[in-house]
Amino acid sequence: MKLLRILAAGILMLSAMAGFAQNTRTVSGTVTAASDGQPVAGANVVQAGTRNGVFTDADGRFSLQVPVPCELIVSTIGFHTLTVRADGSAPLSIALEDDATLLENAVVTALGIKRETKALGYAVEQVNAEELNGARPINAMDALAGKVAGVDISGTTAGPSGSTRIVIRGNGELSGNNQPLYVIDGVPMDNSNLGQAGMWGGYDMGDGLSSINPEDIESVSVLKGASAAALYGSRASNGVILITTKSAGKKGFNIDFSSSVDFVNQLSRFNDYQRVYGAGRNGELPLTVEVGRGISQSAWGAKLNKELSGYIFDGRQMPYTNVADNISSFFRTGSTYTNALSMSTGNEKSNLLVSLSDMRNQDIVPASGMSRTSIMIKTGAELFKGFRLESRVNYSVEKVANRPALSDSPNNVGLSLIGLAPNMDQKWLGESYQDEYGKYMDWNGGNIYRINPYWSINNMRNSSVKDRVMGYLMASYQIIDGLSAQLRAGTDFYKFRMTDFNAIDTPIALQGAMTETTALVNETNVEGLLRYDTKLGADFDLSAFVGGNLMFFDSEYTSNSGSNQIIPGMESITNYIDTELTYWHSRKQVRSVYGAVNLGWKGLLYLDFTLRNDWSSTLRKGKNSYMYPSVSGSFVFSNLLQDNTVLSFGKLRASWAEVGGDTDPYQLNLNYGVLPYTLNGMPLGDISSERIPNMDLKPTRTYSYELGLDLKLFNRLGVDLTWYSSRTKDQIMSLPISSTTGYSSAMINSGEISNKGVELALDADIVKYGDFSWSANLNFARNINKVESLHPELKEYPLAEARWAGAMIEAVEGKAFGAILGKKLLRNPDGEVIYGANGYPLVGSKLEVLGNGVYDWTAGLGTSLNWKGISLSALFDVKWGADVYSMSDMMACGNGTSTRTLEGREAWYASEEQRKAANVQLADWTPTGGYIGQGVVNVGTEENPVWESNQTPVDPQKYWAYFQSAGTPEPFIYDASFIKLRELTLSYSLNKKWLARTPLTGVSLSVYGRNLWTLYSKLPNIDPESSYNNGNGQGFEYGSLPSRRAWGFSVRLSF
Amino acid sequence: MRKSIIYLAIASLTAFSACSEFGNLNQDPTKSTDMDPNILLPNLQAMPSNDYQEWHRHFMYPGGFVQQWCGDWGTTEYGCLAIKNDSYMAELWLQRYTRMAKGLADIVDRTADDPSRRNINAAGRVLRVYTYNQLTDLYGDIPYFDAGEGYYKGVLKPAYDTQETIYDDFFHQLDMADEQLRSGTDILTYDQYYGGDVEKWRKYANSLHLRLALRLVKVNPEKAKTEAQKAIANGVMTSVDDLCRIRYENVANPSAGPGRGNAVSNRLGADPHNFRYSRRFIQYLESTQDPRLRILAASYFNDDLTKDITDLVLAKKGSYAAMARATDRFDWENYDDDPSNPDPSLQIDVDGDGVAEEVTPHMQYLQPSKYFYAYDAPYVNMGYAEVELLLAEASLRWGLGTGTAAEHFEKALAAGVEQMKVYSKDIQPDASAIAAFVAANPLSSDKAKALEQINMQLWVGHIFNPFEAFANWRRTGIPEIVFLNRDPARNQSNGKTPRRLTYPVEEQIKNPENYQAAIDRVPGYDWTVGVWWDKQ
C-alpha cells in the first residue's frame, strides 16, 4: 500500500520533470481509490486556478485539454483532495486516499444522491449496517430504535410478526398514518398495513418492512424534515427512510456467510399479581362443581391454603395453593435462527451480488412463529461507453403461523390469562380445553368472549404467506461531460394470503368458520432524471437536475369467509355451507415533475433549491395539481478559521420547505354497494360510503423550517443540534362526526397542527489509547406538538376509542395530539377524591384530559468499548412522559389478580362472616370493614360542602369492578415512561494475520441481546411498549402479551 | 446513438403520461354512484335484527328492566342491577344511526316526488318510523329531521328534536304511507316482509300507527284517541298472515356484525346457553294456562338440545315456576334462591335406561326452546296478536273499533298462540288447547283488571322484543315492576327501574351544543327520568 503510494508519487514527479515546456495537450488518466483500487466515478478533475475541468466516468477515466505542464486538482466526496502534476506524456494513474472523516459524513439523500453532509441545509442521519445489525434484528426498522434522534419507533404486542410504527418529529396528520415513506435504492416501497387490531380485537398483519432482509442493508438514511424530503412529494411529509442495499464492491470473488441463533423469552411477565387469595367469589372457596365452572377468571376466593382444595372448571378438585409461574408458564422459550450467504463478484465493467437469507423464528406464544426466505440479486454493467445498466431484484417469502390475536379478540390468550388466580395453573386449561369428543369445554362460566387459550392456539389457527418482489432497472447515460440522464423503473409487488380457521364448536363460531384473504398490492414508479454538474469559475460548484415520476398504485383485496363447516376437520374454503365474498380494488396514480439546483461556493456556502409539482388521481380535476418548493443552505464557518485546534468543523444550516399532500382514492363521491351475501335470495344494497364524500378537497400543505448547527470539537466530540418547526394546514381529514348524520366521518379540509422541537446528537471518542478505545453517542429529541385548530364547529378529533370505560384518544384543539380522555373521578378543591355515601368514588359526566399517549422526549445512549478485535457495545433507549391506559390492569383489578385488590379483603370477609352470623340481608347491614377508599365525603350541602374523610367500607370485589361500569379509566392510567437496555453486543473479530493461510479473509463472532432489561417502568405486569396497533391513537393497552427478550450468538465468515 | 436514446426516453415518458384513464381512476370499480332504492330496502328491513350485537341492544337494558330474563351475565349485571355502561347504552344509537339512517334518508328523499315510486317511498317511510321510534322511546329527544342527512343536507351536527314533534311526524308519515300505498303502482321487487304485497304493508303501517297512538295515553290521551281512531279507520292487521316478520336463513352469524341468521336467536343459542326465563314470566304463563309455555320454553339435558327433559324435571319439581328463578340471578349462581335447598342438583334417568344422571340446576331451568335458537327463526317486528290487544285496549278506553274489548282480547289470545307457528313448521298449536286458553282467560269486566290482562299479554308477547315490553310498561305501568336492587352499593338508579338510556358519550364531543340543549330540556336529566310520553 505504502509502496504503491511512493511509486505513484515518484511517477508523478518524473512526469512533472519530463514536460517542462508549456503547450496544450490532452491529458488523460484514471482515478482510483487507493484503498481497493476500484475506479472512482464522478471525481472532479480541474486544472488548478481555472474553470477547466471534467468529471471522471464510470470507470474513473477522464481526459482534459490543458496547457502542460500544469497542476490538476482531483476531488470527490469521501476522498482527500489530491493535486497532481500533468505533463501529458503518459496517462495518469491517480489514487485517491480515503478521507475517513469525510466518508462518514457523506450520506444518501433524496433520489439516492450521495452528498456530503456539509453541503446539506437540513438534517439527515445515517445508520450503517454494523450499527443496524449488531443485535441481529428480525425487522430492520425495529433496530433503529434509540439510534436516531427524533425518530420514535414502537412495535406492537404481536411480537416479531407485527408492524412497526415510526414517527419522525411528531404527529402532523390527523387522518393519515404519520408514518414516513420508505424508499429502497431510490424506489418507493409500499408499507401499508394489511390489518391491525382495534378496540374490538384483531390481528396485526404486519407491514412491508418485515419483507426486507436486514443483512441486505448497507445503510439507512433518515430524512427528517420536509426539506430533506421535499423531492419525494406528498408521501414524504412525514419524513423519508432511505434504505440502500449492499452492492458488490471489491474486485474479485467474495463470499460472506453469517449465522446466528437466539433464544427468546419473556421480558415482562405477570409478576405483579397477588399470591394471597385463590379462585372464587366473595371470599369463598369453590365448593361445588357449578361454582368451580364460573371462577376461572375470578381471583376473589378464599385465602390460599395448601390444606384445602377447590373445584375448578372441569369438575376436578385441585389443591388451593399458590402455583409459581401459574400464568407465565403458558409461554415457551422462542428462538430465531438466521443464516445469510452473499456472494459477489466484479470487475471494472460489471459487478454482481447474490444474497440469500433464511430466518426462522418461533415466538414465545406456543404455535406462533414466522419465517422469511429471501434472495437478492443486484447487478450493474457498462454496456458501452457512458451507458450503464443496473438492476436489483429481491424476492422474499414470508410465512407467519398463528399471528396472535390481540386486544378484545376472544382468542387473545393474553386476555384469557389475565384473570387466573394464583392457585389456577394454566396447564389445567390445557388438560381440559375440549372434552373426549373434541367439543369445547366451557371454562369460565359461559363467557364466550374469553376463549380457553389452549382452544385458541389449537383450534383457531391462522397462517399467512407473503410473496414479495421488489426491484428496479436503471439505465444511465453520460451524454456529455457533466450531463447525464437516467431512467429508472422500480416495482414493489406482493401477494399476501391469509387463512384464518375456527374449528367447529369454537364459541364464537359454533358451526365453524374460515376466512381466506388475498391481497395483491403493486406500486410501480417510473422516473426519469436529467442531471448536470459543472464548475462555474474556480469557486462555484453547480449541480442541477430535472426529473419526472409516474407512480401507479394498485391494490386488490379478496376475502372469502366460510361459515358452517360441512365435513368436520377438513380445512378448506370449499367445505362450508355458506361463503361470502368481499372484494375491493384501490387504484391511484400520481404524476410528478421536479427539479433542483445545488450551488456551492468555495466549500463554504451551499444553497439548494427544489421545486416539485404533483398531479394526483385522488383529487378532482382542477384541484389535483399542486406545486411546492424548498430552499436550504449551509455555511461551513470552520473553513474561515485557520488551523483551529478546538473547532475541527463547524457548520450552520437552515432550510424551509413546503410539501403538498393528496388523499386516499374514492373520497369524492357517494357510493352504493351490495353486501357480500344475499338474504333469502335478495340482494342487500347499502350506501357503502361511511364518510361523507367531498368533491372539493384540495391538497394538504405542510410548511416546515429548521436551523441546525454541526460542530466537531478537538476532533473528538461531534455535536449536532437542530431546531425545527412545522405546520400542517388544510388537512384532508376524515373528521369524525356525530353518528346521527348517518356517517361516521366527513371528508374535509381543515385544521392545523404544529410540531416544534429540538434534536441533539452527540458522539464522542472518550478514550483512545493504543488499541483501546471507548466511544459513546447520545441522542435526544424533544417535540412539542399542538393542535392549533381543527374545524370551525368541532374542536375534538377522536383518534381511538378504548374498549372499556369510555376512554378516548383525541386531538383536542389547543392541546397536544394524542390526549387520553375519560371521565374523571370528582375531586374537592384540595384535590382529594370525593366519595359518595355508599363508599364509592364519584365520577364526573364530562370527558376530560387524563393524560397523553405521545412521549414528551426520547433519548438513546450508545456506547462501545474496543480493544484489538474485541468490541463491547450497549444501547439504552429512553422514552419519557407519555401515559398509558392499561385495560389489562383494569381487568386484573376487576378479576382480583392485581396486588391492588388485596387491601380491605380480610376486613370485608370478616364483616361478611358477622353479617351472615347475624342473618341480616346485605342491604340492611352496615359493614364493619372492607376497602375504604382514600378521599373525602361531603357531609354538608352542595352549595356549602363540608369535607370529611371517607370511612365507608365496601366490598373490594365490587369496588374494583366499579370503575368499568362507572366509566372512568382514571385509576388505570399509568406513566408509560421507560428506560430499557435495548441492545448489548460483545463481538470479536479474528486478527486477519491469523487467517493468512486460510481461505478466510475475516471471521467474527458475537454474543448479542435485544430488549434485555427494563431499567425503569411504572406499569405493572405489562411492558410499556405494548400497543395493540400502530395507529395514531397510542396510549391504550389491553390484553397484552408479554414482551420478548432475545439472547443470541452469531458468527460471520468472509472468504 | 445519443440522440436516439434521448428520443426514446422522451417518447416513453410521453407514452406513460398519455394514459387517458387518469380521470376515471378515482371511481371505485366495486361501487356505484346510483342504486335502485328497492335494492336498499331489504338490507334496511334486516338491520334491526341481523346484527350479532343486537342482543346487547335488546336484552342488556330493556330486557333486564322488564324482568323477563335471568341467567345471562350482561342482562343481569346491567339491566337487572341498573348499572350504567356507556358503550352498551350507546349501541342502539350507534348502530341505527350509522348503519340505517343514511339509507332511510336516501330511499325517502330520492323518491319523495316521484309518482312512479310511491310504494317504495311509503315502505321507506314506514321503516323510518319504526327505526326512529325505537330510538326516541329509548333515548327521548333525538336528532330526527336532520338525521342521516349528512350528505344530502350537509348537516354535520343535527339538532335534537323533541319527542313530541317526532311523534307528530310519525303519525304524519304513516298517514302518507297509507295514502301512497293505496295509489302506488310500483313493485317492491325485494321486499323481505311481505314479498311486495302492498296491501299488507298498508295494514302494517296502520298497525304501527295504532301502536304509537297508544303510547300517548299518559301524556296526551286526546291525541292518543284521535290517532288510534285514524289508524283503525285506515285498516290494521286482521289475521296472523298479516304479521310483519322477516325470515332468516339457517346460517350462523359472525360473532360481530350482521349476518344471514336471526341475530337474537344467534345469541340466545351461543354456547353455552345462559339465557333463562324469569320465574315471574313462567309463573304468569303457568297461571294463565298459556299453551305458549311449552312452545317457548324447555329444559334440555345438554346444550346440543337433543334431549328435552322438561317433563322429567317437571315431575321432580312439581311446577314450571319451580323450574325458573328470580330475574336478577347470574347463570353462575347455580344454587337455588331457597337456602333450605342447598344442593338442588337432581338425579334423573334421562335416557330411560334405569341409570340416573346428574342434572344441574342450570340445566333444569327453563330456557328458550330449540325453535328460538334456530338461526332461521324469523324476527317478528309486529304480530297480529299485539294489534288485537291494542284494539282491545282502544275499545276499553274509548269504545273505538268494531268489536268489544272482550272480543278483541279473545282474538288476541288465540292469535298469540297461533302466530307461534311462524317460528317453525314443527310448531302446530293445538286448537283445543287454544280454545281452553281463551276460555280460561275471559277479559275482566273491571276496567283496571282488564287493562292489566291486556297489557300482561303484551308483556308476554314481547318476550323477544324487550324494546316494546319496556315501552309498554312505561306507558301503562303493567306489569308492576318492583326494582329488586340486589346490589344497592353499585346501583346507579337510586333503587328504581330506569326509564330511558342516556345519550352516547361521543355526542358530547361530536355534537356538543345540541347535546347540551337536549339535556337542558330535561330537568334532572338521568336515566330515571321518563321520556316525554312517559309522564310521571
# chains A, B, ... in the order shown; residues from 1 in each chain; ligands from 1
$ closest_atom_pairs --of "chain A" --to "chain B" --cutoff "6 Å" --atoms "only C-alpha atoms" --output "CSV"
residue,atom,partner,partner_atom,distance
A:Gly294,CA,B:Trp332,CA,5.8
A:Gly446,CA,B:Pro272,CA,5.5
A:Pro507,CA,B:Asp271,CA,5.8
A:Ile508,CA,B:Ser255,CA,5.4
A:Thr618,CA,B:Asn26,CA,5.7
A:Pro665,CA,B:Asn26,CA,5.7
A:Tyr666,CA,B:Asn26,CA,5.3
A:Asn671,CA,B:Thr33,CA,4.9
A:Tyr672,CA,B:Ser32,CA,5.1
A:Gly673,CA,B:Lys31,CA,5.0
A:Leu679,CA,B:Arg260,CA,6.0
A:Met682,CA,B:Tyr190,CA,6.0
A:Leu684,CA,B:Asn43,CA,4.8
A:Gly685,CA,B:Leu40,CA,4.4
A:Asp686,CA,B:Leu40,CA,5.5
A:Ile692,CA,B:Tyr151,CA,5.7
A:Ile737,CA,B:Lys510,CA,5.4
A:Ser738,CA,B:Lys510,CA,5.0
A:Ser739,CA,B:Thr98,CA,5.3
A:Thr740,CA,B:Tyr97,CA,5.2
A:Thr741,CA,B:Gly148,CA,4.3
A:Gly742,CA,B:Gly148,CA,3.9
A:Tyr743,CA,B:Thr98,CA,5.5
A:Asn838,CA,B:Ala489,CA,5.8
A:Ser965,CA,B:Asn85,CA,5.0
$ write_last_selection --atoms "N, CA and C atoms" --output "compact mmCIF listing (two decimals), in the first residue's frame"
# COMPACT_ATOMS: atom_id res chain seq x y z
N GLY A 294 -67.45 -21.36 37.05
CA GLY A 294 -67.53 -19.94 36.69
C GLY A 294 -66.43 -19.06 37.23
N GLY A 446 -69.30 -19.56 30.80
CA GLY A 446 -70.01 -19.22 29.57
C GLY A 446 -69.62 -17.90 28.95
N PRO A 507 -66.50 -21.17 20.43
CA PRO A 507 -67.64 -20.43 20.99
C PRO A 507 -68.16 -19.29 20.12
N ILE A 508 -67.28 -18.64 19.40
CA ILE A 508 -67.79 -17.53 18.57
C ILE A 508 -68.11 -17.98 17.16
N THR A 618 -56.45 11.23 -7.01
CA THR A 618 -57.44 11.15 -5.93
C THR A 618 -58.20 12.46 -5.73
N PRO A 665 -57.80 7.07 -2.41
CA PRO A 665 -58.74 7.04 -3.53
C PRO A 665 -60.20 7.03 -3.06
N TYR A 666 -61.06 7.44 -3.93
CA TYR A 666 -62.52 7.29 -3.78
C TYR A 666 -63.14 8.10 -2.64
N ASN A 671 -71.02 6.51 -2.68
CA ASN A 671 -71.01 5.21 -3.34
C ASN A 671 -72.02 4.24 -2.74
N TYR A 672 -72.65 3.52 -3.64
CA TYR A 672 -73.55 2.45 -3.23
C TYR A 672 -72.88 1.12 -3.52
N GLY A 673 -73.15 0.15 -2.69
CA GLY A 673 -72.59 -1.18 -2.94
C GLY A 673 -73.55 -2.23 -2.44
N LEU A 679 -79.86 -12.27 1.26
CA LEU A 679 -80.72 -12.80 2.32
C LEU A 679 -82.00 -13.27 1.64
N MET A 682 -82.33 -12.35 -1.84
CA MET A 682 -82.46 -10.95 -2.25
C MET A 682 -81.16 -10.19 -1.98
N LEU A 684 -78.64 -7.30 -0.87
CA LEU A 684 -78.66 -6.34 0.23
C LEU A 684 -77.82 -5.13 -0.16
N GLY A 685 -78.50 -4.11 -0.62
CA GLY A 685 -77.79 -2.90 -1.04
C GLY A 685 -77.57 -1.98 0.14
N ASP A 686 -76.60 -1.12 -0.04
CA ASP A 686 -76.24 -0.25 1.08
C ASP A 686 -75.52 0.96 0.51
N ILE A 692 -68.71 11.09 4.65
CA ILE A 692 -69.40 11.97 3.71
C ILE A 692 -68.37 12.42 2.68
N ILE A 737 -67.69 12.60 12.95
CA ILE A 737 -68.84 13.45 13.21
C ILE A 737 -69.91 12.63 13.92
N SER A 738 -70.88 13.32 14.40
CA SER A 738 -71.97 12.66 15.11
C SER A 738 -72.55 11.55 14.24
N SER A 739 -72.76 10.40 14.83
CA SER A 739 -73.30 9.29 14.07
C SER A 739 -74.71 9.60 13.59
N THR A 740 -75.34 10.61 14.19
CA THR A 740 -76.71 10.92 13.79
C THR A 740 -76.77 11.51 12.37
N THR A 741 -75.63 11.89 11.84
CA THR A 741 -75.60 12.35 10.45
C THR A 741 -75.75 11.18 9.50
N GLY A 742 -75.61 9.97 10.03
CA GLY A 742 -75.66 8.78 9.19
C GLY A 742 -74.27 8.30 8.79
N TYR A 743 -73.28 9.10 9.07
CA TYR A 743 -71.93 8.77 8.66
C TYR A 743 -71.01 8.87 9.87
N ASN A 838 -72.12 5.81 49.70
CA ASN A 838 -72.01 4.35 49.58
C ASN A 838 -70.57 3.86 49.57
N SER A 965 -67.91 -0.06 35.08
CA SER A 965 -69.29 0.34 34.80
C SER A 965 -69.50 1.83 35.06
$ select_by_dssp --residues "stretch 118-263 of chain A" --states "alpha helix (DSSP H)" --output "number ranges by chain"
A: 129-133, 226-229
$ write_last_selection --atoms "N, CA and C atoms" --output "short mmCIF file (atom, residue, chain, number, x, y, z; two decimals), in the first residue's frame"
data_model
loop_
_atom_site.label_atom_id
_atom_site.label_comp_id
_atom_site.auth_asym_id
_atom_site.auth_seq_id
_atom_site.Cartn_x
_atom_site.Cartn_y
_atom_site.Cartn_z
N ALA A 129 -24.69 -0.44 8.36
CA ALA A 129 -25.03 -1.85 8.55
C ALA A 129 -24.62 -2.39 9.91
N GLU A 130 -23.39 -2.06 10.33
CA GLU A 130 -22.91 -2.64 11.58
C GLU A 130 -23.78 -2.20 12.76
N GLU A 131 -24.12 -0.89 12.75
CA GLU A 131 -24.94 -0.39 13.84
C GLU A 131 -26.32 -1.02 13.82
N LEU A 132 -26.80 -1.26 12.62
CA LEU A 132 -28.15 -1.77 12.47
C LEU A 132 -28.23 -3.25 12.84
N ASN A 133 -27.23 -3.98 12.43
CA ASN A 133 -27.34 -5.43 12.52
C ASN A 133 -26.59 -6.06 13.69
N ALA A 226 -39.32 18.22 6.19
CA ALA A 226 -39.93 18.34 4.87
C ALA A 226 -38.90 18.76 3.82
N SER A 227 -37.88 19.52 4.23
CA SER A 227 -36.89 19.99 3.25
C SER A 227 -36.12 18.82 2.68
N ALA A 228 -35.74 17.92 3.57
CA ALA A 228 -34.98 16.77 3.13
C ALA A 228 -35.80 15.95 2.18
N ALA A 229 -37.10 15.97 2.44
CA ALA A 229 -37.97 15.05 1.74
C ALA A 229 -38.74 15.69 0.59
#
$ residues_around --residues "A:Ser886" --least-positions-apart "4" --cutoff "7 Å" --atoms "only C-alpha atoms" --output "ChimeraX atom specification"
/A:890,972-973,1036-1038
$ atom_distance --atom1 "atom CA of A:Leu902" --atom2 "atom CA of A:Thr928"
16.9 Å
$ residues_around --residues "B:Leu391" --least-positions-apart "6" --cutoff "9 Å" --atoms "only C-alpha atoms" --output "ChimeraX atom specification"
/B:210,228,232,400-401,403-405,408-409
$ write_last_selection --atoms "N, CA, C and O atoms" --output "CSV table (one decimal), in the first residue's frame"
chain,number,residue,atom,x,y,z
B,210,LEU,N,-101.3,2.5,15.2
B,210,LEU,CA,-102.1,2.2,16.4
B,210,LEU,C,-101.1,2.0,17.6
B,210,LEU,O,-101.4,2.5,18.7
B,228,ALA,N,-105.4,6.7,17.2
B,228,ALA,CA,-105.9,5.3,17.2
B,228,ALA,C,-107.1,5.2,16.3
B,228,ALA,O,-107.1,4.3,15.5
B,232,ILE,N,-107.2,2.8,13.0
B,232,ILE,CA,-108.2,1.7,12.9
B,232,ILE,C,-109.1,2.0,11.6
B,232,ILE,O,-109.3,1.0,10.9
B,400,LEU,N,-113.5,2.5,20.8
B,400,LEU,CA,-113.2,2.5,19.4
B,400,LEU,C,-113.3,1.1,18.8
B,400,LEU,O,-113.2,0.1,19.5
B,401,GLY,N,-113.4,1.1,17.5
B,401,GLY,CA,-113.3,-0.2,16.8
B,401,GLY,C,-114.6,-0.8,16.6
B,401,GLY,O,-115.6,-0.4,17.1
B,403,GLY,N,-115.3,-4.3,17.3
B,403,GLY,CA,-115.7,-5.3,18.3
B,403,GLY,C,-115.6,-4.8,19.7
B,403,GLY,O,-115.1,-3.6,19.9
B,404,THR,N,-116.0,-5.6,20.6
B,404,THR,CA,-115.8,-5.2,22.0
B,404,THR,C,-114.4,-5.6,22.5
B,404,THR,O,-113.7,-6.3,21.8
B,405,ALA,N,-114.1,-5.0,23.6
B,405,ALA,CA,-112.7,-5.3,24.1
B,405,ALA,C,-112.6,-6.8,24.4
B,405,ALA,O,-111.5,-7.4,24.0
B,408,HIS,N,-111.9,-8.6,21.1
B,408,HIS,CA,-110.6,-8.4,20.6
B,408,HIS,C,-109.6,-9.2,21.5
B,408,HIS,O,-108.6,-9.8,21.0
B,409,PHE,N,-109.8,-9.3,22.8
B,409,PHE,CA,-108.9,-10.0,23.7
B,409,PHE,C,-108.9,-11.5,23.4
B,409,PHE,O,-107.9,-12.1,23.3
$ residues_around --residues "B:Asp290" --least-positions-apart "4" --cutoff "7 Å" --atoms "only C-alpha atoms" --output "PDB file with C-alpha atoms, in the first residue's frame"
ATOM      1  CA  LEU B 285     -97.756 -18.355  31.655  1.00  0.00           C
ATOM      2  CA  GLU B 286     -98.452 -21.195  34.030  1.00  0.00           C
ATOM      3  CA  PHE B 437    -106.697 -20.996  26.980  1.00  0.00           C
TER       4      PHE B 437
END
$ residues_around --residues "stretch 123-133 of chain B" --least-positions-apart "6" --cutoff "6 Å" --atoms "only C-alpha atoms" --output "PDB file with N, CA and C atoms, in the first residue's frame"
ATOM      1  N   LEU B 104     -82.173   5.112   5.037  1.00  0.00           N
ATOM      2  CA  LEU B 104     -83.572   5.521   5.177  1.00  0.00           C
ATOM      3  C   LEU B 104     -83.780   6.891   4.548  1.00  0.00           C
ATOM      4  N   ILE B 107     -83.607   6.503   0.623  1.00  0.00           N
ATOM      5  CA  ILE B 107     -84.816   5.955  -0.009  1.00  0.00           C
ATOM      6  C   ILE B 107     -85.913   7.020  -0.045  1.00  0.00           C
ATOM      7  N   VAL B 108     -86.143   7.620   1.101  1.00  0.00           N
ATOM      8  CA  VAL B 108     -87.270   8.551   1.180  1.00  0.00           C
ATOM      9  C   VAL B 108     -86.998   9.819   0.368  1.00  0.00           C
ATOM     10  N   PHE B 170     -94.251  11.127  13.027  1.00  0.00           N
ATOM     11  CA  PHE B 170     -94.502   9.686  12.823  1.00  0.00           C
ATOM     12  C   PHE B 170     -95.915   9.477  12.266  1.00  0.00           C
TER      13      PHE B 170
END
$ residues_around --residues "stretch 460-467 of chain B" --least-positions-apart "5" --cutoff "6 Å" --atoms "only C-alpha atoms" --output "list in words"
His58, Pro62 and Gly63 of chain B
$ write_last_selection --atoms "N, CA, C and O atoms" --output "mmCIF file, in the first residue's frame"
data_model
loop_
_atom_site.group_PDB
_atom_site.id
_atom_site.type_symbol
_atom_site.label_atom_id
_atom_site.label_comp_id
_atom_site.auth_asym_id
_atom_site.auth_seq_id
_atom_site.Cartn_x
_atom_site.Cartn_y
_atom_site.Cartn_z
ATOM 1 N N HIS B 58 -81.154 -5.451 22.707
ATOM 2 C CA HIS B 58 -82.437 -5.992 23.147
ATOM 3 C C HIS B 58 -82.444 -6.306 24.644
ATOM 4 O O HIS B 58 -83.362 -5.931 25.353
ATOM 5 N N PRO B 62 -83.245 -2.993 28.062
ATOM 6 C CA PRO B 62 -84.706 -3.175 28.068
ATOM 7 C C PRO B 62 -85.094 -4.549 28.631
ATOM 8 O O PRO B 62 -85.959 -4.653 29.505
ATOM 9 N N GLY B 63 -84.397 -5.587 28.175
ATOM 10 C CA GLY B 63 -84.721 -6.937 28.630
ATOM 11 C C GLY B 63 -84.490 -7.113 30.123
ATOM 12 O O GLY B 63 -85.242 -7.805 30.805
#
$ closest_residue --among "B:Ile454, B:Thr402, B:Tyr167, B:Ile309" --to "B:Asn220" --atoms "only C-alpha atoms"
B:Tyr167
$ closest_residue --among "B:Thr162, B:Thr111, B:Ser183, B:Asn50" --to "B:Val531" --atoms "only C-alpha atoms"
B:Thr162
